[in-house]
$ cat coords08.csv   # CSV, C-alpha atoms and all ligand atoms
chain,number,residue,atom,x,y,z
Y,201,MET,CA,116.1,22.8,75.4
Y,202,THR,CA,118.9,22.0,73.0
Y,203,ARG,CA,121.7,24.6,72.9
Y,204,ARG,CA,121.9,26.1,69.5
Y,205,THR,CA,123.1,29.0,67.3
Y,206,ALA,CA,120.3,31.3,66.2
Y,207,VAL,CA,120.3,34.5,64.3
Y,208,LEU,CA,118.1,36.9,66.3
Y,209,ASP,CA,118.2,39.9,64.1
Y,210,LEU,CA,119.6,40.3,60.6
Y,211,THR,CA,120.2,43.5,58.6
Y,212,LEU,CA,121.2,43.6,55.0
Y,213,SER,CA,122.6,46.8,53.3
Y,214,HIS,CA,123.2,47.0,49.6
Y,215,PHE,CA,123.5,43.3,49.5
Y,216,ARG,CA,122.6,41.9,46.1
Y,217,SER,CA,118.9,42.7,45.4
Y,218,TRP,CA,118.5,44.1,49.0
Y,219,LYS,CA,119.0,47.8,49.3
Y,220,ARG,CA,118.0,47.5,52.9
Y,221,GLY,CA,116.3,44.6,54.7
Y,222,ARG,CA,115.8,43.7,58.3
Y,223,ILE,CA,114.5,40.5,59.8
Y,224,ASP,CA,113.9,40.3,63.5
Y,225,THR,CA,113.5,36.6,64.1
Y,226,GLY,CA,113.6,36.4,67.9
Y,227,GLY,CA,115.4,33.1,67.2
Y,228,ALA,CA,112.4,31.5,65.4
Y,229,PRO,CA,112.8,29.4,62.3
Y,230,VAL,CA,112.3,31.5,59.1
Y,231,ALA,CA,110.4,30.5,56.0
Y,232,LEU,CA,110.8,32.9,53.1
Y,233,HIS,CA,108.4,32.5,50.3
Y,234,GLY,CA,107.8,34.5,47.1
Y,235,PRO,CA,108.2,34.4,43.3
Y,236,ASN,CA,111.3,33.5,41.5
Y,237,GLY,CA,113.9,36.2,41.6
Y,238,ALA,CA,112.3,37.9,44.7
Y,239,GLY,CA,115.5,37.7,46.7
Y,240,LYS,CA,115.0,34.7,49.0
Y,241,THR,CA,118.2,32.9,48.3
Y,242,ASN,CA,120.1,36.2,48.7
Y,243,VAL,CA,118.9,36.3,52.4
Y,244,LEU,CA,120.2,32.8,52.9
Y,245,GLU,CA,123.5,33.7,51.3
Y,246,ALA,CA,123.8,36.7,53.7
Y,247,VAL,CA,123.2,34.4,56.7
Y,248,SER,CA,125.9,32.0,55.3
Y,249,LEU,CA,128.4,34.9,55.6
Y,250,LEU,CA,128.0,34.9,59.3
Y,251,ALA,CA,130.3,31.8,59.2
Y,252,PRO,CA,133.8,31.7,57.6
Y,253,GLY,CA,134.2,31.4,53.8
Y,254,ARG,CA,132.7,32.7,50.7
Y,255,GLY,CA,129.1,31.8,51.5
Y,256,LEU,CA,126.7,29.5,49.9
Y,257,ARG,CA,127.2,30.7,46.3
Y,258,ARG,CA,131.0,30.8,46.7
Y,259,ALA,CA,130.8,34.3,45.3
Y,260,PRO,CA,133.7,36.8,45.5
Y,261,ALA,CA,132.9,39.7,47.8
Y,262,PRO,CA,132.5,42.4,45.0
Y,263,GLU,CA,129.9,40.3,43.2
Y,264,MET,CA,127.5,40.6,46.2
Y,265,ALA,CA,127.5,44.4,46.0
Y,266,ARG,CA,124.2,45.7,44.9
Y,267,LYS,CA,124.1,46.7,41.2
Y,268,PRO,CA,124.2,49.2,39.7
Y,269,ASP,CA,125.5,51.3,42.6
Y,270,GLU,CA,128.2,48.9,43.8
Y,271,ILE,CA,129.1,50.9,46.8
Y,272,GLY,CA,129.9,47.8,48.8
Y,273,TRP,CA,127.7,45.8,51.2
Y,274,ARG,CA,127.1,45.0,54.8
Y,275,VAL,CA,125.5,42.2,56.6
Y,276,ALA,CA,125.0,42.6,60.4
Y,277,ALA,CA,123.4,40.3,62.9
Y,278,VAL,CA,122.8,39.6,66.5
Y,279,VAL,CA,123.4,35.9,67.0
Y,280,SER,CA,122.6,33.9,70.1
Y,281,THR,CA,125.3,31.2,70.9
Y,282,PRO,CA,125.7,29.0,73.9
Y,283,SER,CA,128.4,31.4,75.2
Y,284,GLY,CA,126.1,34.4,74.9
Y,285,GLU,CA,124.8,36.9,72.3
Y,286,ILE,CA,127.3,38.3,69.9
Y,287,GLU,CA,127.1,41.0,67.3
Y,288,ILE,CA,128.6,40.2,63.9
Y,289,ASP,CA,129.2,42.7,61.2
Y,290,THR,CA,130.7,41.7,57.9
Y,291,ARG,CA,131.1,44.1,55.0
Y,292,PHE,CA,132.9,44.7,51.8
Y,293,THR,CA,134.1,48.1,50.7
Y,294,PRO,CA,135.2,48.5,47.0
Y,295,GLY,CA,139.0,48.4,46.8
Y,296,ASP,CA,139.3,46.0,49.7
Y,297,SER,CA,140.7,42.5,48.9
Y,298,GLY,CA,137.8,40.7,50.5
Y,299,ARG,CA,135.1,41.0,53.2
Y,300,GLY,CA,136.0,42.2,56.6
Y,301,VAL,CA,134.6,40.9,59.9
Y,302,GLN,CA,133.9,42.5,63.2
Y,303,ILE,CA,132.7,40.6,66.3
Y,304,ASP,CA,131.3,42.8,69.0
Y,305,GLY,CA,132.7,45.8,67.4
Y,306,LYS,CA,136.3,44.4,67.1
Y,307,THR,CA,138.0,43.4,63.9
Y,308,ALA,CA,138.2,39.6,63.8
Y,309,THR,CA,139.3,36.9,61.4
Y,310,GLN,CA,137.0,34.6,59.6
Y,311,THR,CA,138.6,31.7,61.6
Y,312,ALA,CA,137.4,33.5,64.8
Y,313,LEU,CA,133.9,33.7,63.3
Y,314,GLY,CA,134.1,29.9,62.8
Y,315,GLY,CA,134.4,29.5,66.6
Y,316,HIS,CA,131.1,31.2,67.1
Y,317,VAL,CA,128.8,30.4,64.1
Y,318,ARG,CA,128.4,27.2,62.2
Y,319,THR,CA,126.0,26.9,59.3
Y,320,VAL,CA,125.0,23.8,57.3
Y,321,TRP,CA,123.4,24.5,53.9
Y,322,LEU,CA,121.7,22.7,51.2
Y,323,THR,CA,121.1,24.4,47.8
Y,324,PRO,CA,119.7,23.4,44.4
Y,325,ALA,CA,123.3,23.7,43.1
Y,326,MET,CA,124.2,20.7,45.2
Y,327,ASP,CA,121.7,18.4,43.4
Y,328,ARG,CA,124.4,17.1,41.1
Y,329,LEU,CA,126.9,16.6,43.9
Y,330,TRP,CA,127.2,12.9,43.4
Y,331,THR,CA,127.5,12.9,39.6
Y,332,GLU,CA,129.8,15.9,39.0
Y,333,ALA,CA,133.4,16.6,39.8
Y,334,ALA,CA,135.3,15.2,42.8
Y,335,SER,CA,136.3,18.7,43.7
Y,336,ASP,CA,132.7,19.6,44.6
Y,337,ARG,CA,132.4,16.6,46.9
Y,338,ARG,CA,135.8,17.5,48.6
Y,339,ARG,CA,134.4,21.0,49.2
Y,340,PHE,CA,131.2,19.5,50.7
Y,341,LEU,CA,133.3,17.3,52.9
Y,342,ASP,CA,135.7,20.1,53.9
Y,343,ARG,CA,132.8,22.4,54.8
Y,344,MET,CA,131.7,19.7,57.3
Y,345,VAL,CA,135.2,19.4,58.6
Y,346,LEU,CA,135.4,23.2,59.0
Y,347,GLY,CA,132.4,23.0,61.4
Y,348,PHE,CA,134.4,20.7,63.7
Y,349,ASP,CA,137.7,22.4,63.3
Y,350,ALA,CA,137.6,26.2,62.5
Y,351,HIS,CA,141.3,26.0,61.5
Y,352,HIS,CA,140.7,23.5,58.7
Y,353,GLY,CA,140.3,26.4,56.3
Y,354,ASP,CA,143.7,27.9,57.2
Y,355,THR,CA,145.3,24.4,57.0
Y,356,SER,CA,143.9,23.9,53.5
Y,357,ILE,CA,145.1,27.3,52.3
Y,358,ALA,CA,148.6,26.6,53.6
Y,359,TYR,CA,148.5,23.2,52.0
Y,360,GLU,CA,147.5,24.7,48.6
Y,361,LYS,CA,150.2,27.3,48.9
Y,362,ALA,CA,153.0,24.8,49.7
Y,363,MET,CA,151.8,22.7,46.8
Y,364,ARG,CA,152.0,25.6,44.3
Y,365,GLN,CA,155.5,26.3,45.5
Y,366,ARG,CA,156.5,22.7,45.1
Y,367,ASN,CA,155.0,22.6,41.6
Y,368,ARG,CA,156.9,25.7,40.6
Y,369,LEU,CA,160.1,24.4,42.0
Y,370,LEU,CA,159.7,21.1,40.1
Y,371,SER,CA,159.2,23.0,36.9
Y,372,GLU,CA,162.5,24.8,37.3
Y,373,PRO,CA,165.5,22.4,37.2
Y,374,PRO,CA,168.0,21.9,38.6
Y,375,TRP,CA,166.1,21.2,41.8
Y,376,ASP,CA,167.1,22.8,45.1
Y,377,GLN,CA,166.9,19.5,47.1
Y,378,ASN,CA,166.9,21.1,50.5
Y,379,TRP,CA,164.1,23.5,49.6
Y,380,LEU,CA,162.1,20.6,48.1
Y,381,ASP,CA,162.7,18.5,51.2
Y,382,SER,CA,161.4,21.2,53.5
Y,383,LEU,CA,158.5,22.1,51.3
Y,384,GLU,CA,157.5,18.4,51.0
Y,385,ALA,CA,157.8,18.0,54.8
Y,386,GLN,CA,155.5,20.9,55.2
Y,387,LEU,CA,153.1,19.6,52.6
Y,388,ALA,CA,153.0,16.2,54.1
Y,389,ARG,CA,152.4,17.5,57.6
Y,390,LEU,CA,149.5,19.7,56.4
Y,391,GLY,CA,148.2,17.0,54.2
Y,392,ALA,CA,148.1,14.5,57.0
Y,393,ARG,CA,146.2,16.9,59.2
Y,394,ILE,CA,143.6,17.5,56.4
Y,395,ALA,CA,143.2,13.8,56.0
Y,396,ARG,CA,142.8,13.2,59.7
Y,397,GLY,CA,140.2,16.0,59.9
Y,398,ARG,CA,138.2,14.5,57.2
Y,399,ALA,CA,138.4,11.0,58.7
Y,400,GLU,CA,137.2,12.4,62.1
Y,401,ALA,CA,134.4,14.3,60.5
Y,402,LEU,CA,133.2,11.2,58.7
Y,403,ALA,CA,133.4,9.2,61.9
Y,404,ALA,CA,131.3,11.9,63.6
Y,405,LEU,CA,128.7,11.7,60.8
Y,406,ARG,CA,128.6,7.9,60.9
Y,407,GLU,CA,127.9,8.1,64.7
Y,408,ALA,CA,125.2,10.7,64.2
Y,409,GLN,CA,123.6,8.5,61.6
Y,410,ASP,CA,123.8,5.4,63.7
Y,411,THR,CA,122.3,7.0,66.8
Y,412,ALA,CA,119.5,9.0,65.2
Y,413,GLU,CA,115.9,8.1,64.6
Y,414,THR,CA,115.3,9.6,61.1
Y,415,SER,CA,113.0,9.0,58.2
Y,416,PHE,CA,115.8,10.1,55.8
Y,417,PRO,CA,118.0,7.4,54.2
Y,418,ARG,CA,121.3,6.5,55.7
Y,419,ALA,CA,124.4,7.0,53.6
Y,420,ASP,CA,127.6,4.9,54.0
Y,421,LEU,CA,130.4,7.4,53.5
Y,422,ALA,CA,134.0,6.8,52.8
Y,423,ILE,CA,137.0,8.6,51.5
Y,424,ALA,CA,137.7,7.4,48.0
Y,425,GLY,CA,139.7,8.6,45.0
Y,426,ASP,CA,143.5,8.6,44.4
Y,427,PHE,CA,144.3,9.4,48.0
Y,428,ALA,CA,142.2,7.3,50.5
Y,429,PRO,CA,144.5,6.5,53.4
Y,430,GLU,CA,143.5,4.3,56.3
Y,431,ILE,CA,143.5,6.4,59.5
Y,432,ASP,CA,143.3,4.7,62.8
Y,433,LEU,CA,141.1,7.0,64.9
Y,434,ASP,CA,141.8,5.0,68.1
Y,435,GLU,CA,145.3,6.5,67.9
Y,436,PRO,CA,144.7,9.7,65.8
Y,437,ASP,CA,148.0,11.5,66.7
Y,438,MET,CA,150.1,8.5,65.8
Y,439,ALA,CA,148.1,7.9,62.7
Y,440,GLU,CA,148.6,11.5,61.6
Y,441,THR,CA,152.3,11.4,62.2
Y,442,GLY,CA,152.6,8.1,60.3
Y,443,LEU,CA,150.6,9.4,57.4
Y,444,ALA,CA,152.8,12.5,57.2
Y,445,VAL,CA,155.9,10.3,57.0
Y,446,ASP,CA,154.3,8.2,54.2
Y,447,LEU,CA,153.2,11.2,52.4
Y,448,ALA,CA,156.6,12.9,52.5
Y,449,ARG,CA,158.2,9.7,51.1
Y,450,ALA,CA,155.6,9.4,48.4
Y,451,LEU,CA,156.2,13.1,47.4
Y,452,ALA,CA,160.0,12.6,47.3
Y,453,GLU,CA,159.6,9.5,45.1
Y,454,GLY,CA,157.0,11.2,42.9
Y,455,ARG,CA,159.2,14.1,41.9
Y,456,PRO,CA,160.0,13.0,38.4
Y,457,ARG,CA,156.4,12.0,37.7
Y,458,ASP,CA,155.0,15.2,39.2
Y,459,ALA,CA,157.5,17.3,37.3
Y,460,ALA,CA,156.5,15.6,34.1
Y,461,ALA,CA,152.8,16.1,34.9
Y,462,GLY,CA,153.3,19.7,36.0
Y,463,ARG,CA,151.3,19.0,39.2
Y,464,THR,CA,151.3,17.0,42.4
Y,465,LEU,CA,149.6,13.7,41.9
Y,466,THR,CA,149.4,12.5,45.5
Y,467,GLY,CA,147.8,14.0,48.6
Y,468,PRO,CA,144.4,14.9,50.0
Y,469,HIS,CA,143.7,17.2,47.1
Y,470,ARG,CA,143.3,13.9,45.2
Y,471,SER,CA,140.7,12.5,47.6
Y,472,ASP,CA,137.0,12.0,46.8
Y,473,LEU,CA,134.0,11.3,48.9
Y,474,SER,CA,131.9,8.3,48.1
Y,475,ALA,CA,128.4,7.6,49.4
Y,476,ILE,CA,126.3,4.5,49.2
Y,477,TYR,CA,122.6,4.6,49.7
Y,478,ALA,CA,122.7,2.0,52.5
Y,479,ALA,CA,119.2,0.5,52.3
Y,480,LYS,CA,119.7,-0.4,48.6
Y,481,ALA,CA,123.5,-0.8,48.6
Y,482,MET,CA,123.5,1.6,45.7
Y,483,PRO,CA,126.2,4.2,45.0
Y,484,ALA,CA,124.7,7.7,45.3
Y,485,ALA,CA,125.6,8.5,41.7
Y,486,ALA,CA,123.3,5.7,40.5
Y,487,CYS,CA,120.4,6.7,42.7
Y,488,SER,CA,117.3,8.6,41.4
Y,489,THR,CA,117.2,12.3,41.6
Y,490,GLY,CA,114.8,12.2,44.6
Y,491,GLU,CA,117.0,9.6,46.4
Y,492,GLN,CA,120.0,11.7,45.9
Y,493,LYS,CA,118.2,14.7,47.4
Y,494,ALA,CA,117.1,12.6,50.3
Y,495,LEU,CA,120.6,11.5,50.9
Y,496,LEU,CA,121.9,15.1,50.9
Y,497,ILE,CA,119.2,16.1,53.4
Y,498,SER,CA,120.0,13.1,55.5
Y,499,LEU,CA,123.7,14.1,55.5
Y,500,CYS,CA,123.0,17.7,56.4
Y,501,LEU,CA,120.8,16.6,59.3
Y,502,ALA,CA,123.5,14.2,60.4
Y,503,ASN,CA,126.1,16.9,60.2
Y,504,ALA,CA,123.9,19.2,62.2
Y,505,ARG,CA,123.4,16.5,64.9
Y,506,ALA,CA,127.1,15.7,65.0
Y,507,LEU,CA,127.9,19.4,65.4
Y,508,ALA,CA,125.3,19.8,68.1
Y,509,GLY,CA,127.0,16.9,69.9
Y,510,ARG,CA,130.6,18.0,69.4
Y,511,THR,CA,130.3,21.8,69.8
Y,512,GLY,CA,127.3,22.0,72.2
Y,513,ALA,CA,125.2,24.0,69.7
Y,514,ALA,CA,123.0,23.0,66.8
Y,515,PRO,CA,124.2,25.0,63.7
Y,516,VAL,CA,122.0,27.3,61.7
Y,517,LEU,CA,120.4,25.4,58.8
Y,518,LEU,CA,120.1,27.0,55.4
Y,519,PHE,CA,117.7,25.0,53.3
Y,520,ASP,CA,117.2,26.6,49.9
Y,521,GLU,CA,114.3,25.2,48.0
Y,522,VAL,CA,114.4,21.9,49.9
Y,523,ALA,CA,110.7,21.8,50.7
Y,524,ALA,CA,109.7,21.9,47.0
Y,525,HIS,CA,111.4,18.5,46.4
Y,526,LEU,CA,109.6,16.7,49.1
Y,527,ASP,CA,106.0,15.3,49.3
Y,528,ALA,CA,103.9,16.5,52.1
Y,529,ALA,CA,104.7,13.6,54.4
Y,530,ARG,CA,108.5,14.0,53.9
Y,531,ARG,CA,108.2,17.8,54.4
Y,532,ALA,CA,106.5,17.2,57.7
Y,533,ALA,CA,109.2,14.7,58.7
Y,534,LEU,CA,111.9,17.2,57.8
Y,535,TYR,CA,110.3,19.9,59.9
Y,536,ALA,CA,109.9,17.5,62.8
Y,537,GLU,CA,113.5,16.6,62.7
Y,538,ILE,CA,114.6,20.2,62.6
Y,539,ALA,CA,112.4,20.9,65.6
Y,540,ALA,CA,113.9,17.9,67.4
Y,541,LEU,CA,117.4,19.1,66.7
Y,542,GLY,CA,116.4,22.5,68.2
Y,543,ALA,CA,118.1,24.2,65.2
Y,544,GLN,CA,117.1,27.5,63.7
Y,545,ALA,CA,116.4,26.8,60.0
Y,546,TRP,CA,116.1,29.4,57.3
Y,547,MET,CA,114.1,27.9,54.4
Y,548,THR,CA,112.9,29.1,51.1
Y,549,GLY,CA,110.1,28.1,48.7
Y,550,THR,CA,107.9,29.7,46.1
Y,551,GLY,CA,104.6,29.2,47.9
Y,552,PRO,CA,103.6,29.6,51.6
Y,553,GLU,CA,101.8,26.3,51.5
Y,554,LEU,CA,105.1,24.5,51.5
Y,555,PHE,CA,105.5,25.6,55.1
Y,556,ASP,CA,102.0,24.6,56.4
Y,557,ALA,CA,103.5,21.8,58.5
Y,558,LEU,CA,106.1,24.0,60.0
Y,559,GLY,CA,105.4,24.9,63.7
Y,560,ALA,CA,103.3,27.8,64.5
Y,561,ASP,CA,106.3,29.6,66.0
Y,562,ALA,CA,108.0,29.9,62.6
Y,563,LEU,CA,108.3,33.3,61.0
Y,564,ARG,CA,106.7,33.2,57.6
Y,565,LEU,CA,107.8,36.0,55.4
Y,566,ALA,CA,106.7,37.0,51.9
Y,567,VAL,CA,109.5,38.4,49.8
Y,568,THR,CA,108.7,40.6,46.8
Y,569,GLU,CA,110.8,42.4,44.3
Y,570,GLU,CA,110.1,45.6,42.4
Y,571,GLY,CA,112.4,47.5,40.1
Y,572,GLY,CA,115.3,45.2,41.1
Y,573,VAL,CA,114.8,45.9,44.8
Y,574,SER,CA,113.7,43.2,47.2
Y,575,SER,CA,111.5,43.8,50.2
Y,576,LEU,CA,109.5,42.0,52.8
Y,577,ASP,CA,105.8,42.1,52.3
Y,578,PRO,CA,104.6,43.8,55.5
Y,579,THR,CA,101.5,41.5,55.8
Y,601,LIG,N1,124.8,42.1,42.9
Y,601,LIG,C1,123.5,42.2,42.7
Y,601,LIG,N2,122.9,43.4,42.6
Y,601,LIG,C2,121.6,43.5,42.4
Y,601,LIG,N3,120.8,42.5,42.2
Y,601,LIG,C3,121.3,41.2,42.2
Y,601,LIG,C4,122.7,41.0,42.5
Y,601,LIG,N4,123.0,39.7,42.4
Y,601,LIG,C5,121.8,39.1,42.2
Y,601,LIG,N5,120.8,40.0,42.1
Y,601,LIG,C6,119.4,39.8,41.8
Y,601,LIG,O1,118.8,39.1,42.8
Y,601,LIG,C7,117.7,38.3,42.3
Y,601,LIG,C8,117.8,36.9,42.7
Y,601,LIG,O2,117.6,36.8,44.0
Y,601,LIG,P1,117.5,35.3,44.6
Y,601,LIG,O3,118.4,34.4,44.0
Y,601,LIG,O4,117.6,35.6,46.1
Y,601,LIG,O5,116.0,35.0,44.2
Y,601,LIG,P2,115.0,33.9,44.8
Y,601,LIG,O6,113.9,34.6,45.5
Y,601,LIG,O7,115.8,32.9,45.6
Y,601,LIG,O8,114.5,33.2,43.4
Y,601,LIG,P3,114.2,31.7,43.0
Y,601,LIG,O9,112.9,31.3,43.5
Y,601,LIG,O10,114.2,31.8,41.5
Y,601,LIG,O11,115.3,30.9,43.5
Y,601,LIG,C9,117.9,38.3,40.8
Y,601,LIG,O12,116.8,39.1,40.2
Y,601,LIG,C10,119.2,38.9,40.5
Y,601,LIG,O13,119.3,39.6,39.4
Y,602,MG,MG,116.4,31.0,45.2

$ encode --input "coords08.csv" --output "structure tokens"
Amino acid sequence: MTRRTAVLDLTLSHFRSWKRGRIDTGGAPVALHGPNGAGKTNVLEAVSLLAPGRGLRRAPAPEMARKPDEIGWRVAAVVSTPSGEIEIDTRFTPGDSGRGVQIDGKTATQTALGGHVRTVWLTPAMDRLWTEAASDRRRFLDRMVLGFDAHHGDTSIAYEKAMRQRNRLLSEPPWDQNWLDSLEAQLARLGARIARGRAEALAALREAQDTAETSFPRADLAIAGDFAPEIDLDEPDMAETGLAVDLARALAEGRPRDAAAGRTLTGPHRSDLSAIYAAKAMPAAACSTGEQKALLISLCLANARALAGRTGAAPVLLFDEVAAHLDAARRAALYAEIAALGAQAWMTGTGPELFDALGADALRLAVTEEGGVSSLDPT
């Protein structure tokens, strides 16, 4: 059997519409169905917090506290990973700056969490990914990179911080040349690492698309936008060093321009992700709604396959309202591909019939809501 990451047991306390909820999955795929507003996506969001970051809604920690009490929240889980079972506890207490994490009872960082649990999610909010801002596509790409390199998040935070410092320095002449030099050297080094991580993730995705039998469309992916450097992945260390040198030079030369603009106009924060629907040679943005959705599903599956190959464990898949967009045949194909991957998927949909083609081992749970409190229908 494929090695994978699976949530065996999940407990929610005072998390959004859930006062208390417990799902004992035994590792099976989970299909949550129920009316709008029942609390299905909230469960997927809770699972997404078992990996680093702000979760699939990108919500600040206080927002997830159950209203009106707002006494904080807790998500606890037993997770099976290739290196054994671990207990994860993540919680927010009012007054804290963010959520805290414990792994097996010990305080841990989110980066450490990333070494254990990887999730790949697809939500209705991503439907406009190809037509909206480049920042959304960068975030989508960076989430994929984060799965391969748990430190990518820290690198990005350090990059943003150095960039803010440089912008501030440029806005306050006369410039301190030495300080600018050293900030730009740092920015260039971090920027080159980010660009390399993205290039490597795209290469892994390409490979996963090339080697898979899938009924979902292939996407040709490339880094685009104002910063789209060529990175030779046969010599990645050298390519990264070379890119850092180029970037440092571009930053130094760009000082007057960036000072006038009030921001840094070169670097990986100016990159974009482009996708072409390969079979039609059509840019994703020009594809139909259904085709765009199929491309996203395809990329998420490719990402999951690539992660399974690289890390030895299929990630947890969080597919929010994905089934509703597919006809019966495509739904069956999706479930078959998830099964072939060996991944644990958490899926939502309004009606149970959406999950008819899902294997008999799947846990089908009806979610209901009464008086603003979600619960699982015991039947
Ligand atoms: N902090 C919070 N405290 C209490 N309730 C909340 C909080 N945040 C969101 N909710 C409630 O949770 C409910 C939405 O839950 P969720 O998004 O999981 O629904 P859903 O079952 O996925 O519905 P849909 O089918 O429409 O997507 C809403 O009624 C919302 O008001
Ligand atoms: Mg929902």

$ atom_distance --input "coords08.csv" --atom1 "atom CA of Asn367 of chain Y" --atom2 "atom CA of Arg258 of chain Y"
25.9 Å

$ atom_distance --input "coords08.csv" --atom1 "atom CA of Leu433 of chain Y" --atom2 "atom CA of Leu499 of chain Y"
21.0 Å

$ residues_near_ligand --input "coords08.csv" --ligand "ligand LIG 601 (chain Y)" --cutoff "7 Å" --atoms "all atoms listed in the file" --output "CSV table (one decimal) with C-alpha atoms, in the coordinates of the input"
chain,number,residue,atom,x,y,z
Y,215,PHE,CA,123.5,43.3,49.5
Y,216,ARG,CA,122.6,41.9,46.1
Y,217,SER,CA,118.9,42.7,45.4
Y,234,GLY,CA,107.8,34.5,47.1
Y,235,PRO,CA,108.2,34.4,43.3
Y,236,ASN,CA,111.3,33.5,41.5
Y,237,GLY,CA,113.9,36.2,41.6
Y,238,ALA,CA,112.3,37.9,44.7
Y,239,GLY,CA,115.5,37.7,46.7
Y,240,LYS,CA,115.0,34.7,49.0
Y,241,THR,CA,118.2,32.9,48.3
Y,242,ASN,CA,120.1,36.2,48.7
Y,243,VAL,CA,118.9,36.3,52.4
Y,263,GLU,CA,129.9,40.3,43.2
Y,264,MET,CA,127.5,40.6,46.2
Y,265,ALA,CA,127.5,44.4,46.0
Y,266,ARG,CA,124.2,45.7,44.9
Y,267,LYS,CA,124.1,46.7,41.2
Y,268,PRO,CA,124.2,49.2,39.7
Y,549,GLY,CA,110.1,28.1,48.7
Y,550,THR,CA,107.9,29.7,46.1
Y,572,GLY,CA,115.3,45.2,41.1

$ closest_residue --input "coords08.csv" --among "Y:Ala485, Y:Ala276, Y:Gln544, Y:Ala362" --to "Arg220 of chain Y" --atoms "all atoms listed in the file"
Y:Ala276

$ atom_distance --input "coords08.csv" --atom1 "atom CA of Ser471 of chain Y" --atom2 "atom CA of Asp336 of chain Y"
11.1 Å

$ closest_residue --input "coords08.csv" --among "Y:Ala419, Y:Leu534, Y:Val275, Y:Ala251" --to "Ile223 of chain Y" --atoms "all atoms listed in the file"
Y:Val275

$ closest_residue --input "coords08.csv" --among "Y:Gly253, Y:Pro324, Y:Gly272, Y:Gly462" --to "ligand MG 602 (chain Y)" --atoms "all atoms listed in the file"
Y:Pro324

$ residues_near_point --input "coords08.csv" --point "(113.3, 44.7, 51.5)" --cutoff "7 Å" --atoms "only C-alpha atoms" --output "short mmCIF file (atom, residue, chain, number, x, y, z; two decimals) with C-alpha atoms, in the frame of the given file"
data_model
loop_
_atom_site.label_atom_id
_atom_site.label_comp_id
_atom_site.auth_asym_id
_atom_site.auth_seq_id
_atom_site.Cartn_x
_atom_site.Cartn_y
_atom_site.Cartn_z
CA TRP Y 218 118.50 44.10 49.00
CA LYS Y 219 119.00 47.80 49.30
CA ARG Y 220 118.00 47.50 52.90
CA GLY Y 221 116.30 44.60 54.70
CA VAL Y 573 114.80 45.90 44.80
CA SER Y 574 113.70 43.20 47.20
CA SER Y 575 111.50 43.80 50.20
CA LEU Y 576 109.50 42.00 52.80
#

$ residues_near_point --input "coords08.csv" --point "(114.6, 20.9, 58.4)" --cutoff "10 Å" --atoms "only C-alpha atoms" --output "number ranges by chain"
Y: 229, 497-498, 500-501, 517-519, 522-523, 531-541, 543-547, 558

$ residues_around --input "coords08.csv" --residues "Ala444 of chain Y" --least-positions-apart "5" --cutoff "7 Å" --atoms "all atoms listed in the file" --output "VMD selection string"
chain Y and resid 388 to 389 392

$ closest_residue --input "coords08.csv" --among "Y:Arg257, Y:Ile423, Y:Ala228, Y:Ala508" --to "ligand MG 602 (chain Y)" --atoms "only C-alpha atoms and all ligand atoms"
Y:Arg257

$ closest_residue --input "coords08.csv" --among "Y:Leu421, Y:Leu451, Y:Leu405, Y:Ala562" --to "Glu384 of chain Y" --atoms "all atoms listed in the file"
Y:Leu451

$ closest_residue --input "coords08.csv" --among "Y:Leu322, Y:Pro282, Y:Asp561, Y:Ala308" --to "ligand MG 602 (chain Y)" --atoms "all atoms listed in the file"
Y:Leu322

$ decode --input "coords08.csv" --residues "segment 542-565 of chain Y" --atoms "C-alpha atoms" --output "compact mmCIF listing (two decimals), in the first residue's frame"
# COMPACT_ATOMS: atom_id res chain seq x y z
CA GLY Y 542 -3.71 6.03 -1.62
CA ALA Y 543 -4.44 9.48 -0.20
CA GLN Y 544 -6.96 10.25 2.49
CA ALA Y 545 -9.41 12.75 1.04
CA TRP Y 546 -11.80 14.94 2.98
CA MET Y 547 -14.59 16.03 0.70
CA THR Y 548 -17.76 18.07 1.00
CA GLY Y 549 -20.98 18.31 -0.96
CA THR Y 550 -24.58 19.17 -0.26
CA GLY Y 551 -26.05 15.74 -1.07
CA PRO Y 552 -24.89 12.22 -0.20
CA GLU Y 553 -25.51 11.05 -3.79
CA LEU Y 554 -22.40 12.98 -4.86
CA PHE Y 555 -20.38 10.31 -3.10
CA ASP Y 556 -22.16 7.24 -4.50
CA ALA Y 557 -19.13 6.24 -6.54
CA LEU Y 558 -16.77 6.63 -3.60
CA GLY Y 559 -15.50 3.33 -2.23
CA ALA Y 560 -17.48 1.48 0.41
CA ASP Y 561 -14.72 2.13 2.96
CA ALA Y 562 -15.38 5.89 2.93
CA LEU Y 563 -16.91 7.49 5.96
CA ARG Y 564 -20.08 9.31 4.95
CA LEU Y 565 -21.14 11.86 7.50
